[in-house]
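Asks: I am sharing run-v1.cif, which consists of mmCIF, C-alpha atoms:
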```
data_target
#
loop_
_atom_site.label_atom_id
_atom_site.label_comp_id
_atom_site.auth_asym_id
_atom_site.auth_seq_id
_atom_site.Cartn_x
_atom_site.Cartn_y
_atom_site.Cartn_z
CA MET A 36 11.97 18.15 -9.72
CA ARG A 37 12.64 21.46 -7.96
CA PRO A 38 9.30 21.74 -6.08
CA HIS A 39 9.58 18.10 -5.03
CA PHE A 40 13.03 18.43 -3.47
CA ILE A 41 12.27 21.75 -1.79
CA LEU A 42 9.14 20.28 -0.17
CA VAL A 43 10.95 17.17 0.98
CA GLY A 44 13.79 19.24 2.39
CA LEU A 45 11.35 21.36 4.35
CA LEU A 46 9.56 18.29 5.68
CA TYR A 47 12.88 16.87 6.83
CA LEU A 48 13.97 20.08 8.55
CA PHE A 49 10.64 20.35 10.30
CA GLY A 50 10.78 16.65 11.07
CA VAL A 51 13.76 17.20 13.34
CA SER A 52 11.44 18.86 15.85
CA ILE A 53 8.78 16.14 15.65
CA SER A 54 8.63 14.10 18.85
CA GLN A 55 10.41 10.78 18.51
CA GLU A 56 8.45 9.36 21.43
CA CYS A 57 6.17 6.41 20.77
CA THR A 58 2.59 7.53 21.50
CA PRO A 59 0.24 4.55 20.96
CA GLU A 60 -2.57 5.83 23.19
CA LEU A 61 -5.92 6.57 21.55
CA LEU A 62 -8.01 9.59 22.54
CA GLU A 63 -11.67 8.63 22.54
CA ASN A 64 -14.26 11.33 21.82
CA GLU A 65 -11.55 13.77 20.79
CA ASN A 66 -11.16 15.40 17.37
CA PHE A 67 -8.10 16.95 15.73
CA PRO A 68 -9.88 19.29 13.25
CA GLY A 69 -8.13 20.56 10.12
CA THR A 70 -4.64 19.89 8.67
CA ASP A 71 -5.98 16.91 6.65
CA ILE A 72 -3.73 15.47 3.93
CA GLN A 73 -5.92 12.49 2.92
CA PHE A 74 -8.91 10.47 4.01
CA LEU A 75 -9.24 6.71 3.67
CA TYR A 76 -11.87 4.22 4.82
CA SER A 77 -11.12 2.09 7.84
CA PRO A 78 -13.21 -0.39 9.87
CA ASP A 79 -11.83 0.69 13.27
CA VAL A 80 -9.44 3.14 14.88
CA GLU A 81 -6.60 0.61 15.24
CA HIS A 82 -6.61 0.02 11.48
CA CYS A 83 -6.78 3.78 10.92
CA GLN A 84 -3.69 4.19 13.10
CA LEU A 85 -1.87 1.62 10.92
CA LEU A 86 -2.81 3.62 7.81
CA CYS A 87 -1.40 6.77 9.38
CA THR A 88 1.75 4.91 10.40
CA GLN A 89 2.36 3.67 6.85
CA HIS A 90 1.48 6.94 5.12
CA PRO A 91 4.78 8.78 4.51
CA SER A 92 3.58 12.19 5.76
CA CYS A 93 0.91 11.36 8.36
CA ARG A 94 1.76 12.45 11.92
CA PHE A 95 -1.67 12.05 13.55
CA PHE A 96 -5.27 11.22 12.62
CA THR A 97 -8.93 11.34 13.54
CA PHE A 98 -11.25 8.36 13.01
CA VAL A 99 -15.04 8.78 12.78
CA ARG A 100 -16.73 5.84 14.48
CA SER A 101 -20.00 4.29 13.29
CA ASN A 102 -21.83 5.69 16.34
CA SER A 103 -21.06 9.29 15.36
CA SER A 104 -24.04 11.54 14.58
CA ASP A 105 -22.27 12.51 11.34
CA GLU A 106 -23.42 9.52 9.27
CA LYS A 107 -21.76 10.75 6.07
CA GLN A 108 -18.34 10.41 7.71
CA HIS A 109 -18.74 6.99 9.32
CA PHE A 110 -15.54 4.91 8.99
CA HIS A 111 -13.57 7.91 7.71
CA CYS A 112 -9.90 7.81 8.66
CA ASN A 113 -8.62 11.37 8.32
CA LEU A 114 -4.83 11.50 8.00
CA LYS A 115 -3.16 14.74 9.13
CA PHE A 116 0.15 16.60 9.14
CA THR A 117 1.68 19.64 10.81
CA PRO A 118 5.38 20.63 10.78
CA SER A 119 5.56 20.18 14.56
CA GLY A 120 3.86 16.77 14.50
CA GLU A 121 1.23 18.05 16.93
CA PRO A 122 -2.38 19.08 16.12
CA TYR A 123 -3.11 22.79 16.16
CA VAL A 124 -6.55 22.26 17.70
CA ARG A 125 -8.09 19.59 19.93
CA THR A 126 -11.84 19.49 20.53
CA SER A 127 -14.29 17.16 22.27
CA ALA A 128 -16.43 15.26 19.76
CA GLN A 129 -18.68 12.28 20.47
CA GLY A 130 -18.10 9.42 18.04
CA PHE A 131 -14.57 10.54 17.12
CA THR A 132 -11.27 8.93 18.17
CA SER A 133 -7.87 10.50 17.52
CA GLY A 134 -4.27 9.41 17.86
CA PHE A 135 -0.73 9.56 16.51
CA SER A 136 1.40 7.72 13.98
CA LEU A 137 3.31 4.73 15.33
CA LYS A 138 6.36 5.40 13.13
CA PRO A 139 8.58 6.00 16.21
CA CYS A 140 7.32 2.72 17.73
CA ASN A 141 9.07 0.38 15.26
CA THR A 142 5.81 -1.45 14.53
CA ASP A 143 5.41 -4.59 12.44
CA SER A 144 5.10 -3.70 8.73
CA LYS A 145 2.87 -6.76 8.25
CA PRO A 146 0.53 -6.73 11.25
CA CYS A 147 -1.90 -9.51 12.09
CA LEU A 148 -5.42 -8.18 11.46
CA SER A 149 -7.55 -10.79 13.24
CA GLN A 150 -10.57 -8.63 14.13
CA VAL A 151 -13.85 -9.37 12.32
CA TYR A 152 -16.63 -6.82 11.89
CA TYR A 153 -20.32 -7.70 12.16
CA GLY A 154 -22.76 -5.58 10.18
CA VAL A 155 -19.91 -4.01 8.20
CA ASP A 156 -19.37 -4.30 4.44
CA PHE A 157 -15.95 -3.94 2.83
CA TYR A 158 -17.43 -2.61 -0.39
CA GLY A 159 -15.63 -3.18 -3.71
CA ALA A 160 -12.28 -4.73 -4.71
CA ASP A 161 -13.92 -8.14 -5.39
CA TYR A 162 -12.08 -10.56 -7.65
CA GLN A 163 -13.70 -13.90 -6.72
CA THR A 164 -16.86 -15.15 -5.03
CA LEU A 165 -17.81 -18.54 -3.62
CA PHE A 166 -20.35 -19.96 -1.20
CA THR A 167 -19.25 -20.95 2.30
CA ALA A 168 -21.13 -22.20 5.35
CA ASN A 169 -19.99 -19.37 7.62
CA TYR A 170 -17.65 -16.40 7.84
CA GLU A 171 -14.90 -18.53 9.42
CA GLU A 172 -14.70 -20.67 6.29
CA CYS A 173 -14.77 -17.51 4.15
CA GLN A 174 -11.85 -16.12 6.16
CA ARG A 175 -9.94 -19.39 5.75
CA ALA A 176 -10.51 -19.23 1.98
CA CYS A 177 -9.14 -15.68 1.98
CA THR A 178 -6.15 -16.67 4.10
CA HIS A 179 -5.17 -19.55 1.81
CA ASN A 180 -5.69 -17.57 -1.40
CA PRO A 181 -2.42 -15.69 -2.16
CA SER A 182 -4.22 -12.68 -3.67
CA CYS A 183 -6.87 -12.19 -0.97
CA GLN A 184 -6.30 -9.40 1.56
CA PHE A 185 -9.81 -9.05 3.02
CA PHE A 186 -13.33 -10.41 2.61
CA THR A 187 -17.04 -9.86 3.18
CA PHE A 188 -19.37 -12.77 3.98
CA ILE A 189 -23.16 -12.57 3.57
CA SER A 190 -24.90 -14.52 6.31
CA GLY A 191 -27.95 -16.80 6.12
CA ASN A 192 -30.18 -14.03 7.49
CA PHE A 193 -29.49 -11.59 4.66
CA THR A 194 -32.57 -9.99 3.09
CA SER A 195 -32.00 -11.25 -0.47
CA ALA A 196 -32.04 -15.05 -0.28
CA GLU A 197 -30.00 -15.57 -3.48
CA TYR A 198 -26.96 -13.87 -1.92
CA ARG A 199 -26.96 -15.73 1.39
CA TYR A 200 -23.73 -17.57 2.31
CA LYS A 201 -21.81 -15.76 -0.41
CA CYS A 202 -18.13 -15.11 0.33
CA HIS A 203 -16.48 -12.19 -1.48
CA LEU A 204 -12.67 -12.35 -1.73
CA LYS A 205 -11.03 -8.94 -2.16
CA PHE A 206 -7.66 -7.53 -3.23
CA SER A 207 -5.42 -4.60 -2.36
CA TRP A 208 -1.78 -3.93 -3.21
CA THR A 209 0.96 -5.26 -0.96
CA VAL A 210 3.79 -4.68 -3.49
CA PRO A 211 5.29 -1.14 -3.18
CA ARG A 212 4.31 1.07 -6.11
CA PRO A 213 6.52 4.19 -6.39
CA CYS A 214 5.87 6.94 -8.91
CA VAL A 215 8.69 6.27 -11.42
CA LYS A 216 10.12 9.03 -13.62
CA ALA A 217 13.37 9.66 -15.47
CA GLY A 218 15.78 11.80 -13.42
CA ALA A 219 19.30 12.73 -14.52
CA GLY A 220 21.83 12.46 -11.71
CA LEU A 221 19.50 10.36 -9.54
CA VAL A 222 19.72 6.74 -8.41
CA SER A 223 16.71 4.86 -7.04
CA GLY A 224 16.09 1.45 -5.55
CA PHE A 225 14.24 -0.61 -2.97
CA SER A 226 14.91 -1.69 0.60
CA HIS A 227 16.60 -5.09 0.65
CA SER A 228 14.43 -6.09 3.60
CA LEU A 229 11.25 -6.19 1.49
CA GLN A 230 9.51 -9.54 1.89
CA ILE A 231 7.27 -10.03 -1.16
CA THR A 232 6.95 -13.80 -1.10
CA GLN A 233 4.52 -16.61 -1.83
CA GLN A 234 4.15 -19.76 0.23
CA SER A 235 6.07 -22.41 -1.70
CA ASP A 236 9.39 -24.22 -1.65
CA THR A 237 9.67 -24.06 -5.45
CA GLU A 238 11.60 -21.10 -6.87
CA CYS A 239 9.88 -19.16 -9.66
CA GLN A 240 11.32 -19.14 -13.16
CA ILE A 241 10.45 -15.75 -14.68
CA LYS A 242 9.66 -15.71 -18.41
CA LEU A 243 10.25 -12.33 -20.09
CA ILE A 244 9.75 -11.72 -23.81
CA PRO A 245 11.81 -8.71 -25.02
CA ASN A 246 10.68 -6.35 -27.80
CA ALA A 247 7.12 -7.66 -27.76
CA LYS A 248 3.83 -6.11 -26.67
CA THR A 249 0.41 -7.58 -25.92
CA PRO A 250 -2.19 -5.14 -27.32
CA GLY A 251 -5.58 -4.70 -25.69
CA ASN A 252 -7.16 -6.49 -22.71
CA GLY A 253 -5.85 -3.92 -20.23
CA THR A 254 -7.01 -4.16 -16.62
CA GLU A 255 -4.68 -1.61 -14.97
CA SER A 256 -1.62 0.48 -15.82
CA LEU A 257 0.79 1.68 -13.15
CA PRO A 258 4.43 2.77 -12.85
CA ALA A 259 7.18 0.17 -12.40
CA ALA A 260 10.96 0.43 -12.20
CA SER A 261 11.75 -2.56 -14.41
CA PRO A 262 10.19 -5.52 -16.26
CA GLU A 263 10.91 -7.64 -13.18
CA HIS A 264 9.06 -5.18 -10.94
CA CYS A 265 6.17 -5.26 -13.43
CA HIS A 266 6.24 -9.06 -13.24
CA ALA A 267 5.93 -8.88 -9.43
CA LEU A 268 2.93 -6.56 -9.78
CA CYS A 269 1.26 -8.89 -12.28
CA THR A 270 1.91 -11.90 -10.06
CA ALA A 271 0.33 -10.11 -7.08
CA HIS A 272 -2.81 -9.05 -8.99
CA PRO A 273 -5.42 -11.83 -9.15
CA GLN A 274 -6.81 -10.72 -12.51
CA CYS A 275 -3.50 -10.30 -14.34
CA THR A 276 -2.91 -13.04 -16.92
CA TYR A 277 0.09 -11.35 -18.62
CA PHE A 278 1.72 -7.93 -18.89
CA SER A 279 3.65 -5.52 -21.09
CA TYR A 280 6.28 -3.12 -19.73
CA ALA A 281 7.24 0.03 -21.65
CA SER A 282 10.75 1.17 -20.73
CA ASP A 283 10.38 4.65 -22.27
CA ASP A 284 7.78 5.78 -19.73
CA PHE A 285 8.22 3.14 -16.97
CA MET A 286 4.62 1.95 -17.33
CA CYS A 287 3.49 -1.56 -16.43
CA HIS A 288 0.35 -2.57 -18.32
CA LEU A 289 -1.49 -5.45 -16.65
CA LYS A 290 -3.68 -7.50 -18.98
CA ASN A 291 -6.59 -9.85 -18.38
CA ASN A 292 -7.42 -12.41 -21.04
CA PRO A 293 -7.33 -16.07 -19.94
CA ASN A 294 -8.22 -17.29 -23.44
CA GLU A 295 -5.39 -16.00 -25.63
CA MET A 296 -2.19 -13.94 -25.61
CA VAL A 297 -1.29 -12.20 -28.87
CA LEU A 298 2.29 -10.91 -29.15
CA LYS A 299 3.34 -8.17 -31.57
CA ALA A 300 6.85 -6.86 -32.17
CA LYS A 301 7.52 -3.58 -30.36
CA GLU A 302 10.99 -2.24 -29.57
CA GLY A 303 11.48 -1.11 -25.98
CA VAL A 304 8.56 -3.17 -24.65
CA THR A 305 8.96 -6.34 -22.59
CA SER A 306 6.08 -8.75 -22.04
CA GLY A 307 5.65 -11.70 -19.75
CA MET A 308 3.40 -13.82 -17.58
CA PRO A 309 2.87 -14.06 -13.82
CA THR A 310 4.20 -16.97 -11.81
CA HIS A 311 1.96 -19.06 -9.58
CA SER A 312 2.40 -21.45 -6.66
CA CYS A 313 6.11 -20.79 -6.28
CA GLN A 314 8.53 -18.63 -4.30
CA LEU A 315 8.64 -15.19 -5.96
CA ASP A 316 12.14 -14.05 -6.92
CA ASN A 317 12.91 -10.79 -5.07
CA ASN A 318 15.93 -9.86 -7.23
CA TRP A 319 13.89 -7.02 -8.73
CA ALA A 320 13.99 -5.34 -5.31
CA ASN A 321 17.80 -5.65 -5.08
CA THR A 322 18.47 -3.81 -8.35
CA THR A 323 19.47 -0.14 -8.43
CA HIS A 324 18.23 2.15 -11.21
CA GLU A 325 20.47 4.98 -12.42
CA GLY A 326 18.82 8.01 -14.00
CA VAL A 327 15.54 7.15 -12.29
CA ASP A 328 13.54 9.17 -9.74
CA PHE A 329 11.06 7.53 -7.36
CA ARG A 330 9.10 10.73 -7.00
CA GLY A 331 7.20 11.68 -3.85
CA SER A 332 6.18 9.45 -0.91
CA ASP A 333 9.04 10.84 1.22
CA LEU A 334 9.42 9.84 4.86
CA ARG A 335 12.59 11.83 5.57
CA ASN A 336 16.00 12.57 4.06
CA VAL A 337 19.58 12.20 5.21
CA LEU A 338 23.01 13.09 3.87
CA THR A 339 25.00 10.03 2.71
CA ASP A 340 28.30 9.53 0.88
CA ASP A 341 26.88 7.53 -2.03
CA ALA A 342 23.92 5.56 -3.36
CA GLU A 343 25.11 2.38 -1.65
CA ALA A 344 25.00 4.09 1.75
CA CYS A 345 21.54 5.42 0.90
CA GLN A 346 20.36 1.90 0.09
CA ARG A 347 21.75 0.58 3.38
CA THR A 348 20.04 3.40 5.28
CA CYS A 349 16.71 2.50 3.67
CA THR A 350 17.20 -1.21 4.38
CA ASP A 351 18.00 -0.49 8.04
CA ASP A 352 14.91 1.71 8.48
CA PRO A 353 11.83 -0.49 9.09
CA ASN A 354 9.58 2.25 7.69
CA CYS A 355 11.49 2.64 4.39
CA GLN A 356 10.42 0.68 1.29
CA PHE A 357 12.35 2.53 -1.45
CA TYR A 358 14.65 5.51 -1.93
CA THR A 359 16.10 8.07 -4.34
CA TYR A 360 19.65 9.40 -4.05
CA ALA A 361 20.88 12.66 -5.62
CA THR A 362 24.43 12.09 -6.88
CA GLU A 363 27.24 14.64 -7.34
CA GLY A 364 26.04 14.95 -10.93
CA PHE A 365 22.57 16.16 -9.96
CA SER A 366 21.73 19.58 -11.42
CA GLN A 367 20.69 21.15 -8.09
CA ALA A 368 23.88 21.51 -6.06
CA ALA A 369 22.05 22.06 -2.75
CA ASN A 370 20.41 18.62 -3.02
CA ARG A 371 23.49 16.59 -3.97
CA ARG A 372 24.33 13.57 -1.77
CA ILE A 373 20.90 13.67 -0.16
CA CYS A 374 19.17 10.32 0.34
CA TYR A 375 15.36 10.44 0.25
CA LEU A 376 13.72 7.58 2.14
CA LYS A 377 10.21 6.68 0.96
CA ARG A 378 7.23 4.40 1.45
CA VAL A 379 3.57 3.87 0.49
CA ILE A 380 0.69 2.19 2.33
CA THR A 381 0.73 -1.59 1.91
CA VAL A 382 -1.45 -2.65 4.86
CA PRO A 383 -4.71 -4.12 3.46
CA ALA A 384 -7.16 -1.25 3.00
CA PRO A 385 -10.77 -1.62 1.77
CA PRO A 386 -11.72 1.03 -0.81
CA LYS A 387 -14.95 1.70 1.11
CA VAL A 388 -16.46 0.65 4.45
CA THR A 389 -20.21 0.88 5.13
CA LYS A 390 -22.84 -0.49 7.48
CA LEU A 391 -24.83 -3.46 6.13
CA ALA A 392 -26.98 -5.77 8.21
CA ASN A 393 -26.26 -9.52 8.27
CA VAL A 394 -22.79 -9.42 6.76
CA VAL A 395 -19.39 -10.05 8.34
CA SER A 396 -16.10 -8.60 7.07
CA GLY A 397 -12.49 -9.15 7.99
CA PHE A 398 -8.93 -9.63 6.81
CA SER A 399 -6.70 -12.46 5.72
CA LEU A 400 -4.82 -14.15 8.57
CA LYS A 401 -1.67 -14.71 6.47
CA ASN A 402 0.38 -12.53 8.82
CA CYS A 403 -0.95 -14.14 12.00
CA VAL A 404 0.99 -16.82 13.81
#
```
Can you dump the structure from the file as structure tokens?

Replies:
Amino acid sequence: MRPHFILVGLLYLFGVSISQECTPELLENENFPGTDIQFLYSPDVEHCQLLCTQHPSCRFFTFVRSNSSDEKQHFHCNLKFTPSGEPYVRTSAQGFTSGFSLKPCNTDSKPCLSQVYYGVDFYGADYQTLFTANYEECQRACTHNPSCQFFTFISGNFTSAEYRYKCHLKFSWTVPRPCVKAGAGLVSGFSHSLQITQQSDTECQIKLIPNAKTPGNGTESLPAASPEHCHALCTAHPQCTYFSYASDDFMCHLKNNPNEMVLKAKEGVTSGMPTHSCQLDNNWANTTHEGVDFRGSDLRNVLTDDAEACQRTCTDDPNCQFYTYATEGFSQAANRRICYLKRVITVPAPPKVTKLANVVSGFSLKNCV
């Protein structure tokens, strides 16, 4: 815990000097070399700027366009941080575009991503394929499928005839996924403004089975704050048919077996099934968790009187998804009553972006009016 809180405290103190001005302008053919904290793939600079905005530490970025001479870095979105919020170095570089986080701009957390990309493949993250007449129909299929976040369509001119007109539906996480650990004297929870919903008028009835595990058939394991949070993760994942949640280590084990579900008695484990075609219950996001640390992913920290004030601060901040509050009982006196506001990237993000002739890629239009 100690290194985590010291780092966050330093980031907050430095953050006071970071410009609060909204700087949406993009700097074409300019590079901010060095100070990288992470690189992700992105189809264009606007999407890269959204990734920087949603990354908790990113202050500015450099995007490598597909016309850059550095072919190995095409579509690289390089996220960057300095204590001042300003790049140390700026250089001219053909094929590069740089810019700043839009955190001070109060941007939409669920932006409409209507741009389509010709000759660009969103490689990986497939969970379903079908054949469609054109990319527009493929995009409609993605938009109406609750799990689809982006797609790649193979046109009728593709080299391999057997793959022509194939529509690949793809998934990425939109449910916040904090790193969950036990933490004495800490209280953690989620913003009450989270909107993790499905399009239906029917309210979901969650079925949880206590003291039971479902061995085998694992597709993914990730931290979760509660069985209900694990249920939301399973519901969001298109390949999850049921789950088991272990309370001793806060791990949510997503399973994939559409043919059978075998339950075995196991104390401290809760199992259940996803819900479909109904309005997802968001009560899991309104629950506070005592003795729990949502570690890392810090945006900033503030001093508050209690955990309830910390929760309200997170809810009122459009960039905050979850928080951890250090109570008066926390072992490190210097960190008591500090509220740590946190977030992770939830904008749809392809795991890899590459050039590929005669394909079209794009995003779901769920967030578009």

Asks: Evaluate the PyMOL selection byres ((chain A and resi 377) around 10) here and jot the selected residues down as a list of chain:residue names.

Replies: A:His90, A:Pro91, A:Ser92, A:Pro213, A:Phe225, A:Ser226, A:Phe329, A:Arg330, A:Gly331, A:Ser332, A:Asp333, A:Leu334, A:Arg335, A:Asn336, A:Cys349, A:Asn354, A:Cys355, A:Gln356, A:Phe357, A:Tyr358, A:Thr359, A:Cys374, A:Tyr375, A:Leu376, A:Arg378, A:Val379

Asks: When you look at segment 69-82 of chain A with a cut-off of 10 Å (counting all atoms listed in the file), what residues show up, excluding the ones that are within fewer than 6 positions of it in the same chain? I need them as a count of residues only.

Replies: 51

Asks: Which is closer to Ile380 of chain A than all the others in A:Ser103, A:Ser279, A:Thr209, A:Ser136, using only C-alpha atoms?

Replies: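 The shortest atom-to-atom distance to Ile380 of chain A comes from A:Thr209.
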
Asks: Please work out which residues fall within 10 Å of (18.5, 9.1, -12.8), coordinates as given in the file, with all atoms listed in the file counting, and return them as JSON, numbers by chain.

Replies: {"A": [216, 217, 218, 219, 220, 221, 222, 223, 324, 325, 326, 327, 328, 329, 359, 360, 361, 362, 364, 365]}

Asks: Restricting the calculation to only C-alpha atoms, which member of A:His179, A:Lys290, A:His203, A:Lys242 is positioned closest to Phe166 of chain A?

Replies: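 Among A:His179, A:Lys290, A:His203, A:Lys242, it is A:His203 that comes nearest to Phe166 of chain A.
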
Asks: How many Å lie between atom CA of Gln346 of chain A and atom CA of Asp284 of chain A, rounded to one decimal?

Replies: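 That distance, rounded to one decimal, is 23.8 Å.
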
Asks: Quote the spacing between atom CA of Phe206 of chain A and atom CA of Lys401 of chain A in Å to one decimal place.

Replies: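 These two atoms are separated by 13.5 Å.
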
Asks: If we count all atoms listed in the file, what is near segment 266-277 of chain A at a cut-off of 8 Å, once residues fewer than 5 positions away on the same chain are taken out, given as JSON, numbers by chain?

Replies: {"A": [162, 181, 182, 206, 208, 209, 210, 254, 289, 290, 291, 292, 293, 296, 306, 307, 308, 309, 310, 311, 315]}

Asks: Using all atoms listed in the file for the distances, tell me which of A:Gln89, A:Ser256, A:Thr164, A:Ser312 is nearest to Asp143 of chain A.

Replies: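 Answer, going by the shortest atom-to-atom distance: A:Gln89.
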
Asks: Pick the closest to Thr305 of chain A from A:Ile244, A:Cys140, A:Cys265, A:Leu338: which is it, counting all atoms listed in the file?

Replies: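 Answer, going by the shortest atom-to-atom distance: A:Ile244.
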
Asks: Please write as a count of residues only the full residue list that the PyMOL selection byres ((chain A and resi 394) around 8) yields on this file.

Replies: 14

Asks: Just give me the gap between atom CA of Lys205 of chain A and atom CA of Cys177 of chain A in Å, one decimal is fine.

Replies: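 Going from atom CA of Lys205 of chain A over to atom CA of Cys177 of chain A, I get 8.1 Å.
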
Asks: Enumerate, as a PDB file with C-alpha atoms, in the coordinates of the input, the residues matched when the PyMOL selection byres ((chain A and resi 126) around 6) is run on the file above.

Replies:
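Saved result, result_26.pdb, follows:
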```pdb
ATOM      1  CA  GLU A  65     -11.550  13.770  20.790  1.00  0.00           C
ATOM      2  CA  ASN A  66     -11.160  15.400  17.370  1.00  0.00           C
ATOM      3  CA  ARG A 125      -8.090  19.590  19.930  1.00  0.00           C
ATOM      4  CA  SER A 127     -14.290  17.160  22.270  1.00  0.00           C
TER       5      SER A 127
END
```

Asks: Which neighbours of Thr178 of chain A fall inside 10 Å, counting all atoms listed in the file, when residues of the same chain fewer than 2 positions from it are skipped, and could you give them as a PyMOL selection string?

Replies: chain A and resi 172-176+180-186+204+398-403

Asks: I need the residue nearest Gln129 of chain A from this list: A:Ala168, A:Leu62, A:Ala368, A:Cys83. Use all atoms listed in the file for the distance.

Replies: A:Leu62

Asks: Emit as AutoDock Vina command-line options the padded axis-aligned box for all listed atoms of segment 296-315 of chain A, 4 Å per side, with centre and edge lengths in Å to one decimal.

Replies:
```
--center_x 4.6 --center_y -11.3 --center_z -18.2 --size_x 21.7 --size_y 28.3 --size_z 35.9
```
